[in-house]
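Engineer: One structure, as structure tokens, below. Some questions next.
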Amino acid sequence: MRTPPTRTRVAVIGGGQNCEHDVSLASAASVAGALDPAAYDVVPITIGRDGTWRDRGLRPIGLCGAAQVLRGCDVAFPVVHGPRGEDGALAALCELAGIAYVGSGVRPGAIAMDKWTTKLVAAAVGIATAPGRLVTAATAGHERWTHPVVVKPVAAGSSLGVSLVTEPGLLRPALEEALALDDRVLVEDVVAGREIDVAVLRRTDGSLFVPPALEIVADGVFDHEAKYGGHADFRVPARLEGVEAKALKEAALAVYDALGCSGVARVDFFLTEDGPVLNEVNTVPGMTEHSQVPRMFAAAGMSYPELLDELVRGAHR
Ligand SMILES: Nc1ncnc2c1ncn2[C@@H]1O[C@H](COP(=O)(O)OP(=O)(O)O)[C@@H](O)[C@H]1O
Ligand SMILES: [Mg+2]
């Protein structure tokens, strides 16, 4: 009798202690459901909004219990967007506990989560970002409206706390809304351009792969309702001139490399008359089958389960 091949045990971690909790739950559930059951034994773990770690049966297990579950798995697959997840926190936990994990390490996670620091890194490698300044609760009172701006938390996601401010009276409420989610806020010039997302994947052989880019067609800011209301208008492959596609790809690769990312990252741009302007980098991008990243890989002929398989096989060890 042949012994059945052993399946890889993958701990899929979802939820998280931040405003993107529900979005992470959706991504994690999709990932858990799509990992090929012939190759993978999925062990779901959930982090509650209050930080409680729970097992498959949603029983509270505490951090020590979670570490034990993780130690019993071959690979951890963190699918927690935002602070205390995507920002390198879960990568750090895996590093300290000696657990192989999918995706970027501590440093790229932390830097990419910080939209201000990301601008500094982008500038250092010659990639444009929106001119902007950093505002804190202590300095917000000095802010004066001079022209239309976008106000957003330095570290959040899912468009939460992001406002387009087109008149003076809206500046203060926008700052307050963003400061409710982070103690640092960006006040940025409004960039006029098409929104184009580029995915970069480090394959198991170490090479970098960039599938066709995706365009988001949004009426103004791509806000929370437009993202998750079920009718986001994504065009993939984005309609691009050869020179535009090349500039976007090169900029995405340069940013991925400068940050030192692993696994898959989604590098989001505005395509302006002067070329690509980097908006942000997501080291744990939305991962439902209908999210941008899986759709870009599907356009390159890589199915969602194949993408997940590639990510697990490329885990940090
Ligand atoms: N400087 C900007 N100019 C124009 N639109 C912007 C600017 N910054 C953000 N936006 C719009 O707001 C959306 C959300 O902002 P983003 O920085 O991507 O935050 P999140 O991390 O929440 O996705 C973007 O997808 C874009 O539509
Ligand atoms: Mg965004």
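To be explicit about the labels: the chains of the structure tokens are called A, B, and onward in the order shown, and within each one the residues are counted from 1, while ligands get numbers from 1 in the order they are shown.
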With only C-alpha atoms as the counted atoms, please give the residues lying no more than 12 Å from A:Met296, apart from itself and same-chain residues fewer than 4 positions off, as number ranges by chain.

Structural biologist: A: 196-201, 209-215, 234-238, 264-266, 287, 289-292, 300-304, 307

Engineer: Run DSSP on the backbone of this structure and report the residues of stretch 36-71 of chain A it assigns to strand (DSSP E), as a PyMOL selection string.

Structural biologist: chain A and resi 40-47+53-54

Engineer: Got time to write the residues from that selection, N, CA and C atoms, as a PDB file, in the first residue's frame?

Structural biologist:
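Result went into out-v4.pdb, see below:
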ATOM      1  N   TYR A  40      -2.595  20.827   0.915  1.00  0.00           N
ATOM      2  CA  TYR A  40      -2.530  21.631   2.145  1.00  0.00           C
ATOM      3  C   TYR A  40      -3.608  21.263   3.159  1.00  0.00           C
ATOM      4  N   ASP A  41      -3.184  21.245   4.400  1.00  0.00           N
ATOM      5  CA  ASP A  41      -4.096  21.073   5.526  1.00  0.00           C
ATOM      6  C   ASP A  41      -4.180  22.454   6.192  1.00  0.00           C
ATOM      7  N   VAL A  42      -5.321  23.094   6.053  1.00  0.00           N
ATOM      8  CA  VAL A  42      -5.443  24.481   6.520  1.00  0.00           C
ATOM      9  C   VAL A  42      -5.862  24.535   7.981  1.00  0.00           C
ATOM     10  N   VAL A  43      -5.139  25.334   8.762  1.00  0.00           N
ATOM     11  CA  VAL A  43      -5.465  25.547  10.178  1.00  0.00           C
ATOM     12  C   VAL A  43      -5.795  27.029  10.351  1.00  0.00           C
ATOM     13  N   PRO A  44      -7.086  27.372  10.410  1.00  0.00           N
ATOM     14  CA  PRO A  44      -7.422  28.803  10.531  1.00  0.00           C
ATOM     15  C   PRO A  44      -7.206  29.328  11.951  1.00  0.00           C
ATOM     16  N   ILE A  45      -6.672  30.518  12.048  1.00  0.00           N
ATOM     17  CA  ILE A  45      -6.510  31.211  13.338  1.00  0.00           C
ATOM     18  C   ILE A  45      -7.052  32.627  13.137  1.00  0.00           C
ATOM     19  N   THR A  46      -7.780  33.104  14.121  1.00  0.00           N
ATOM     20  CA  THR A  46      -8.360  34.444  13.988  1.00  0.00           C
ATOM     21  C   THR A  46      -7.912  35.330  15.146  1.00  0.00           C
ATOM     22  N   ILE A  47      -7.562  36.562  14.813  1.00  0.00           N
ATOM     23  CA  ILE A  47      -7.254  37.555  15.853  1.00  0.00           C
ATOM     24  C   ILE A  47      -8.453  38.498  15.928  1.00  0.00           C
ATOM     25  N   TRP A  53      -6.772  35.846  20.405  1.00  0.00           N
ATOM     26  CA  TRP A  53      -6.468  34.830  19.385  1.00  0.00           C
ATOM     27  C   TRP A  53      -7.465  33.683  19.546  1.00  0.00           C
ATOM     28  N   ARG A  54      -8.008  33.207  18.437  1.00  0.00           N
ATOM     29  CA  ARG A  54      -8.981  32.108  18.496  1.00  0.00           C
ATOM     30  C   ARG A  54      -8.616  31.012  17.507  1.00  0.00           C
TER      31      ARG A  54
END

Engineer: Any idea what the distance is between atom CA of A:Gly72 and atom CA of A:Gly48?

Structural biologist: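 Value for the atom CA of A:Gly72-atom CA of A:Gly48 distance: 21.2 Å.
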
Engineer: Hey, what's within 7 Å of A:Glu195 if we count only C-alpha atoms and toss same-chain stuff fewer than 6 positions away? As an MDAnalysis selection string, please?

Structural biologist: chainID A and resid 215:216 269:271

Engineer: At a cut-off of 9 Å, can you tabulate as a tab-separated table every residue of chain A near ligand 1 together with its closest atom pair and the distance in Å to one decimal, using only C-alpha atoms and all ligand atoms and ordering rows by chain then number?

Structural biologist:
residue	atom	partner	partner_atom_place_in_ligand_line	distance
A:Gly82	CA	ligand 1	21 (O)	8.5
A:Met113	CA	ligand 1	21 (O)	8.4
A:Lys115	CA	ligand 1	17 (O)	7.6
A:Thr129	CA	ligand 1	1 (N)	8.2
A:Ala130	CA	ligand 1	1 (N)	5.4
A:Pro131	CA	ligand 1	1 (N)	7.9
A:Gly132	CA	ligand 1	1 (N)	8.0
A:Val149	CA	ligand 1	1 (N)	7.1
A:Val150	CA	ligand 1	1 (N)	5.4
A:Val151	CA	ligand 1	8 (N)	7.6
A:Lys152	CA	ligand 1	17 (O)	6.8
A:Pro153	CA	ligand 1	19 (O)	8.0
A:Val154	CA	ligand 1	17 (O)	8.5
A:Ala155	CA	ligand 1	21 (O)	7.3
A:Ala156	CA	ligand 1	21 (O)	5.6
A:Gly157	CA	ligand 1	22 (O)	3.2
A:Ser158	CA	ligand 1	22 (O)	4.0
A:Ser159	CA	ligand 1	22 (O)	3.1
A:Leu160	CA	ligand 1	22 (O)	5.4
A:Gly161	CA	ligand 1	22 (O)	7.4
A:Val162	CA	ligand 1	15 (O)	6.0
A:Ser163	CA	ligand 1	12 (O)	7.3
A:Leu164	CA	ligand 1	5 (N)	7.3
A:Val187	CA	ligand 1	1 (N)	8.2
A:Glu188	CA	ligand 1	1 (N)	5.0
A:Asp189	CA	ligand 1	1 (N)	5.2
A:Val190	CA	ligand 1	3 (N)	3.6
A:Val191	CA	ligand 1	3 (N)	3.8
A:Ala192	CA	ligand 1	4 (C)	6.3
A:Gly193	CA	ligand 1	4 (C)	7.9
A:Glu195	CA	ligand 1	27 (O)	7.0
A:Ile216	CA	ligand 1	25 (O)	8.3
A:Ala218	CA	ligand 1	27 (O)	7.1
A:Asp219	CA	ligand 1	27 (O)	8.6
A:Gly220	CA	ligand 1	27 (O)	6.4
A:Val221	CA	ligand 1	27 (O)	3.7
A:Phe222	CA	ligand 1	27 (O)	3.7
A:Asp223	CA	ligand 1	13 (C)	5.8
A:His224	CA	ligand 1	22 (O)	8.0
A:Lys227	CA	ligand 1	25 (O)	8.9
A:Asp268	CA	ligand 1	18 (O)	7.4
A:Phe269	CA	ligand 1	25 (O)	8.8
A:Phe270	CA	ligand 1	4 (C)	7.9
A:Asn279	CA	ligand 1	17 (O)	6.0
A:Glu280	CA	ligand 1	18 (O)	6.0
A:Val281	CA	ligand 1	21 (O)	8.3
A:Asn282	CA	ligand 1	21 (O)	7.7

Engineer: May I ask which of the residues A:Ala251, A:Ala226, A:Leu90, A:Leu240 is the closest one to ligand 2, counting only C-alpha atoms and all ligand atoms?

Structural biologist: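 Answer, going by the shortest atom-to-atom distance: A:Ala226.
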